[in-house]
$ cat data.cif   # mmCIF, C-alpha atoms, pLDDT in the B column; chains and numbers go by the auth columns
data_data
#
loop_
_atom_site.group_PDB
_atom_site.id
_atom_site.type_symbol
_atom_site.label_atom_id
_atom_site.label_comp_id
_atom_site.label_asym_id
_atom_site.label_seq_id
_atom_site.Cartn_x
_atom_site.Cartn_y
_atom_site.Cartn_z
_atom_site.B_iso_or_equiv
_atom_site.auth_seq_id
_atom_site.auth_asym_id
ATOM 1 C CA MET A 1 102.568 93.454 79.710 47.00 21 A
ATOM 2 C CA ILE A 2 104.578 96.677 79.967 52.00 22 A
ATOM 3 C CA LYS A 3 101.484 98.867 79.523 60.00 23 A
ATOM 4 C CA LEU A 4 99.719 97.010 82.328 59.00 24 A
ATOM 5 C CA LYS A 5 102.570 97.759 84.736 70.00 25 A
ATOM 6 C CA LEU A 6 103.052 101.347 83.524 81.00 26 A
ATOM 7 C CA ILE A 7 99.780 102.886 84.788 83.00 27 A
ATOM 8 C CA PRO A 8 99.997 101.765 88.457 83.00 28 A
ATOM 9 C CA THR A 9 103.685 102.648 88.536 85.00 29 A
ATOM 10 C CA ILE A 10 103.005 106.181 87.301 88.00 30 A
ATOM 11 C CA ILE A 11 100.273 106.501 89.931 91.00 31 A
ATOM 12 C CA PHE A 12 102.711 105.351 92.660 91.00 32 A
ATOM 13 C CA ILE A 13 105.364 107.792 91.430 93.00 33 A
ATOM 14 C CA THR A 14 102.858 110.666 91.448 96.00 34 A
ATOM 15 C CA ILE A 15 101.626 109.845 94.948 96.00 35 A
ATOM 16 C CA SER A 16 105.214 109.519 96.210 96.00 36 A
ATOM 17 C CA ILE A 17 106.223 112.908 94.794 97.00 37 A
ATOM 18 C CA ALA A 18 103.089 114.533 96.231 97.00 38 A
ATOM 19 C CA GLY A 19 103.767 112.919 99.629 96.00 39 A
ATOM 20 C CA ILE A 20 107.367 114.119 99.668 97.00 40 A
ATOM 21 C CA GLY A 21 106.202 117.624 98.748 95.00 41 A
ATOM 22 C CA ALA A 22 103.529 117.699 101.453 92.00 42 A
ATOM 23 C CA ALA A 23 105.887 116.379 104.144 92.00 43 A
ATOM 24 C CA LEU A 24 108.662 118.816 103.157 93.00 44 A
ATOM 25 C CA THR A 25 106.188 121.708 103.162 92.00 45 A
ATOM 26 C CA SER A 26 104.901 120.783 106.604 88.00 46 A
ATOM 27 C CA TYR A 27 108.433 120.320 107.947 89.00 47 A
ATOM 28 C CA TYR A 28 109.595 123.665 106.549 91.00 48 A
ATOM 29 C CA TYR A 29 106.680 125.692 107.902 87.00 49 A
ATOM 30 C CA VAL A 30 106.587 124.079 111.346 86.00 50 A
ATOM 31 C CA TYR A 31 110.294 123.719 112.143 84.00 51 A
ATOM 32 C CA MET A 32 112.038 126.307 109.962 87.00 52 A
ATOM 33 C CA ALA A 33 109.539 129.160 109.687 85.00 53 A
ATOM 34 C CA ASN A 34 107.767 128.402 113.025 82.00 54 A
ATOM 35 C CA THR A 35 104.327 128.992 111.544 81.00 55 A
ATOM 36 C CA SER A 36 101.359 126.874 110.489 79.00 56 A
ATOM 37 C CA PRO A 37 101.417 125.204 107.063 80.00 57 A
ATOM 38 C CA PRO A 38 99.329 126.899 104.344 77.00 58 A
ATOM 39 C CA ALA A 39 96.390 124.485 104.700 74.00 59 A
ATOM 40 C CA CYS A 40 96.052 125.218 108.437 75.00 60 A
ATOM 41 C CA HIS A 41 95.102 128.877 108.394 65.00 61 A
ATOM 42 C CA PHE A 42 91.720 129.699 109.863 62.00 62 A
ATOM 43 C CA SER A 43 90.018 133.060 109.990 54.00 63 A
ATOM 44 C CA GLU A 44 89.592 132.733 113.752 54.00 64 A
ATOM 45 C CA ASN A 45 91.381 130.631 116.341 53.00 65 A
ATOM 46 C CA ILE A 46 88.183 129.971 118.283 56.00 66 A
ATOM 47 C CA THR A 47 85.096 128.376 116.748 56.00 67 A
ATOM 48 C CA SER A 48 81.513 129.004 117.837 62.00 68 A
ATOM 49 C CA SER A 49 81.721 126.025 120.210 66.00 69 A
ATOM 50 C CA GLY A 50 84.696 127.560 122.040 65.00 70 A
ATOM 51 C CA ILE A 51 87.261 125.067 120.756 68.00 71 A
ATOM 52 C CA GLU A 52 90.596 126.561 119.752 68.00 72 A
ATOM 53 C CA LEU A 53 91.889 125.563 116.308 71.00 73 A
ATOM 54 C CA ASN A 54 95.660 125.883 116.174 74.00 74 A
ATOM 55 C CA CYS A 55 97.585 123.580 113.826 79.00 75 A
ATOM 56 C CA LEU A 56 100.992 124.753 114.992 79.00 76 A
ATOM 57 C CA ASN A 57 100.295 123.617 118.570 78.00 77 A
ATOM 58 C CA VAL A 58 99.224 120.209 117.296 79.00 78 A
ATOM 59 C CA LEU A 59 102.190 119.786 114.944 80.00 79 A
ATOM 60 C CA LYS A 60 104.681 120.754 117.667 81.00 80 A
ATOM 61 C CA SER A 61 103.079 118.719 120.451 80.00 81 A
ATOM 62 C CA SER A 62 104.635 115.623 121.977 79.00 82 A
ATOM 63 C CA TYR A 63 102.143 113.514 119.996 80.00 83 A
ATOM 64 C CA SER A 64 103.683 114.568 116.664 79.00 84 A
ATOM 65 C CA SER A 65 106.825 112.502 117.198 79.00 85 A
ATOM 66 C CA ILE A 66 107.795 108.985 118.110 79.00 86 A
ATOM 67 C CA SER A 67 110.741 107.683 120.096 76.00 87 A
ATOM 68 C CA LEU A 68 112.710 104.996 118.314 71.00 88 A
ATOM 69 C CA ASN A 69 115.260 102.879 120.121 70.00 89 A
ATOM 70 C CA PHE A 70 117.971 101.422 117.869 67.00 90 A
ATOM 71 C CA GLY A 71 120.591 101.159 120.579 63.00 91 A
ATOM 72 C CA VAL A 72 120.520 104.954 120.644 61.00 92 A
ATOM 73 C CA LYS A 73 117.243 106.659 121.451 60.00 93 A
ATOM 74 C CA VAL A 74 116.065 108.769 118.497 61.00 94 A
ATOM 75 C CA ASN A 75 113.142 111.180 118.637 65.00 95 A
ATOM 76 C CA ALA A 76 111.694 111.251 115.096 74.00 96 A
ATOM 77 C CA ASN A 77 108.992 113.643 113.930 83.00 97 A
ATOM 78 C CA PHE A 78 106.258 112.206 111.767 86.00 98 A
ATOM 79 C CA ASP A 79 107.184 114.717 109.036 87.00 99 A
ATOM 80 C CA VAL A 80 110.686 113.224 108.793 87.00 100 A
ATOM 81 C CA LEU A 81 109.291 109.691 108.836 89.00 101 A
ATOM 82 C CA ALA A 82 106.868 110.657 106.037 92.00 102 A
ATOM 83 C CA ILE A 83 109.739 112.054 103.948 94.00 103 A
ATOM 84 C CA ILE A 84 111.657 108.786 104.413 93.00 104 A
ATOM 85 C CA TYR A 85 108.586 106.654 103.645 95.00 105 A
ATOM 86 C CA PHE A 86 107.670 108.493 100.445 96.00 106 A
ATOM 87 C CA SER A 87 111.320 108.597 99.315 96.00 107 A
ATOM 88 C CA VAL A 88 111.604 104.813 99.648 95.00 108 A
ATOM 89 C CA SER A 89 108.262 104.473 97.875 94.00 109 A
ATOM 90 C CA LEU A 90 109.533 106.670 95.026 94.00 110 A
ATOM 91 C CA ILE A 91 112.747 104.645 94.694 92.00 111 A
ATOM 92 C CA LEU A 92 110.805 101.365 94.599 89.00 112 A
ATOM 93 C CA SER A 93 108.362 102.794 92.046 87.00 113 A
ATOM 94 C CA LEU A 94 111.238 103.910 89.826 87.00 114 A
ATOM 95 C CA MET A 95 112.766 100.444 90.194 85.00 115 A
ATOM 96 C CA MET A 96 109.490 98.965 88.978 82.00 116 A
ATOM 97 C CA LEU A 97 109.503 101.269 85.966 79.00 117 A
ATOM 98 C CA PHE A 98 113.115 101.158 84.826 77.00 118 A
ATOM 99 C CA THR A 99 114.647 97.873 85.972 73.00 119 A
ATOM 100 C CA TYR A 100 114.020 94.175 85.938 69.00 120 A
ATOM 101 C CA TYR A 101 113.797 94.169 89.740 61.00 121 A
ATOM 102 C CA SER A 102 110.074 94.860 89.689 59.00 122 A
ATOM 103 C CA VAL A 103 109.390 91.730 91.743 60.00 123 A
ATOM 104 C CA ILE A 104 111.593 93.056 94.561 61.00 124 A
ATOM 105 C CA ALA A 105 110.011 96.509 94.351 54.00 125 A
#
$ encode --input "data.cif" --output "structure tokens"
Amino acid sequence: MIKLKLIPTIIFITISIAGIGAALTSYYYVYMANTSPPACHFSENITSSGIELNCLNVLKSSYSSISLNFGVKVNANFDVLAIIYFSVSLILSLMMLFTYYSVIA
């Protein structure tokens, strides 16, 4: 029974760590370094069809955040929400692995 639960839990832990790393990388490059993340570099900003490819403009646009209203209006970037989501996922995955609260997780 333990081996059956071990493989999916390790997969969830791996995905959670990768998600946290990707979200932190994106957040650092966009909001701290003010540049595009490493996966968004193109040799040219304009393709043959005349469309401009600029990841930094997309990641800093008004569509990259959501307004949450919990009594106080909070403007949350999707990078921050992804960090929170994958952190909770990691905690629940570790609960599944190391505690008897696997049903809750």
$ atom_distance --input "data.cif" --atom1 "CA of Ser85 (chain A)" --atom2 "CA of Asp99 (chain A)"
8.5 Å
$ resolve_selection --input "data.cif" --expression "the PyMOL selection byres ((chain A and resi 55-60) around 9)" --output "mmCIF file with C-alpha atoms, in the coordinates of the input"
data_model
loop_
_atom_site.group_PDB
_atom_site.id
_atom_site.type_symbol
_atom_site.label_atom_id
_atom_site.label_comp_id
_atom_site.auth_asym_id
_atom_site.auth_seq_id
_atom_site.Cartn_x
_atom_site.Cartn_y
_atom_site.Cartn_z
ATOM 1 C CA THR A 45 106.188 121.708 103.162
ATOM 2 C CA SER A 46 104.901 120.783 106.604
ATOM 3 C CA TYR A 47 108.433 120.320 107.947
ATOM 4 C CA TYR A 48 109.595 123.665 106.549
ATOM 5 C CA TYR A 49 106.680 125.692 107.902
ATOM 6 C CA VAL A 50 106.587 124.079 111.346
ATOM 7 C CA TYR A 51 110.294 123.719 112.143
ATOM 8 C CA MET A 52 112.038 126.307 109.962
ATOM 9 C CA ALA A 53 109.539 129.160 109.687
ATOM 10 C CA ASN A 54 107.767 128.402 113.025
ATOM 11 C CA HIS A 61 95.102 128.877 108.394
ATOM 12 C CA PHE A 62 91.720 129.699 109.863
ATOM 13 C CA LEU A 73 91.889 125.563 116.308
ATOM 14 C CA ASN A 74 95.660 125.883 116.174
ATOM 15 C CA CYS A 75 97.585 123.580 113.826
ATOM 16 C CA LEU A 76 100.992 124.753 114.992
ATOM 17 C CA ASN A 77 100.295 123.617 118.570
ATOM 18 C CA LEU A 79 102.190 119.786 114.944
#
$ axis_aligned_box --input "data.cif" --around "region 114-119 of chain A" --padding-each-side "8 Å" --output "lines of an AutoDock Vina configuration file"
center_x = 112.1
center_y = 100.9
center_z = 87.5
size_x = 21.2
size_y = 22.0
size_z = 21.4
$ residues_around --input "data.cif" --residues "Thr29 (chain A)" --least-positions-apart "3" --cutoff "6 Å" --atoms "all atoms listed in the file" --output "PyMOL selection string"
chain A and resi 26+32+113
$ atom_distance --input "data.cif" --atom1 "CA of Ile111 (chain A)" --atom2 "CA of Phe98 (chain A)"
19.8 Å
$ residues_near_point --input "data.cif" --point "(103.3, 113.1, 96.7)" --cutoff "12 Å" --atoms "all atoms listed in the file" --output "ChimeraX atom specification"
/A:30-45,102-103,105-107,109-110
$ resolve_selection --input "data.cif" --expression "the PyMOL selection byres ((chain A and resi 86) around 7)" --output "list in words"
Ser85, Ser87, Leu88, Asn95, Ala96 and Asn97 of chain A
$ atom_distance --input "data.cif" --atom1 "CA of Thr119 (chain A)" --atom2 "CA of Ile104 (chain A)"
21.6 Å
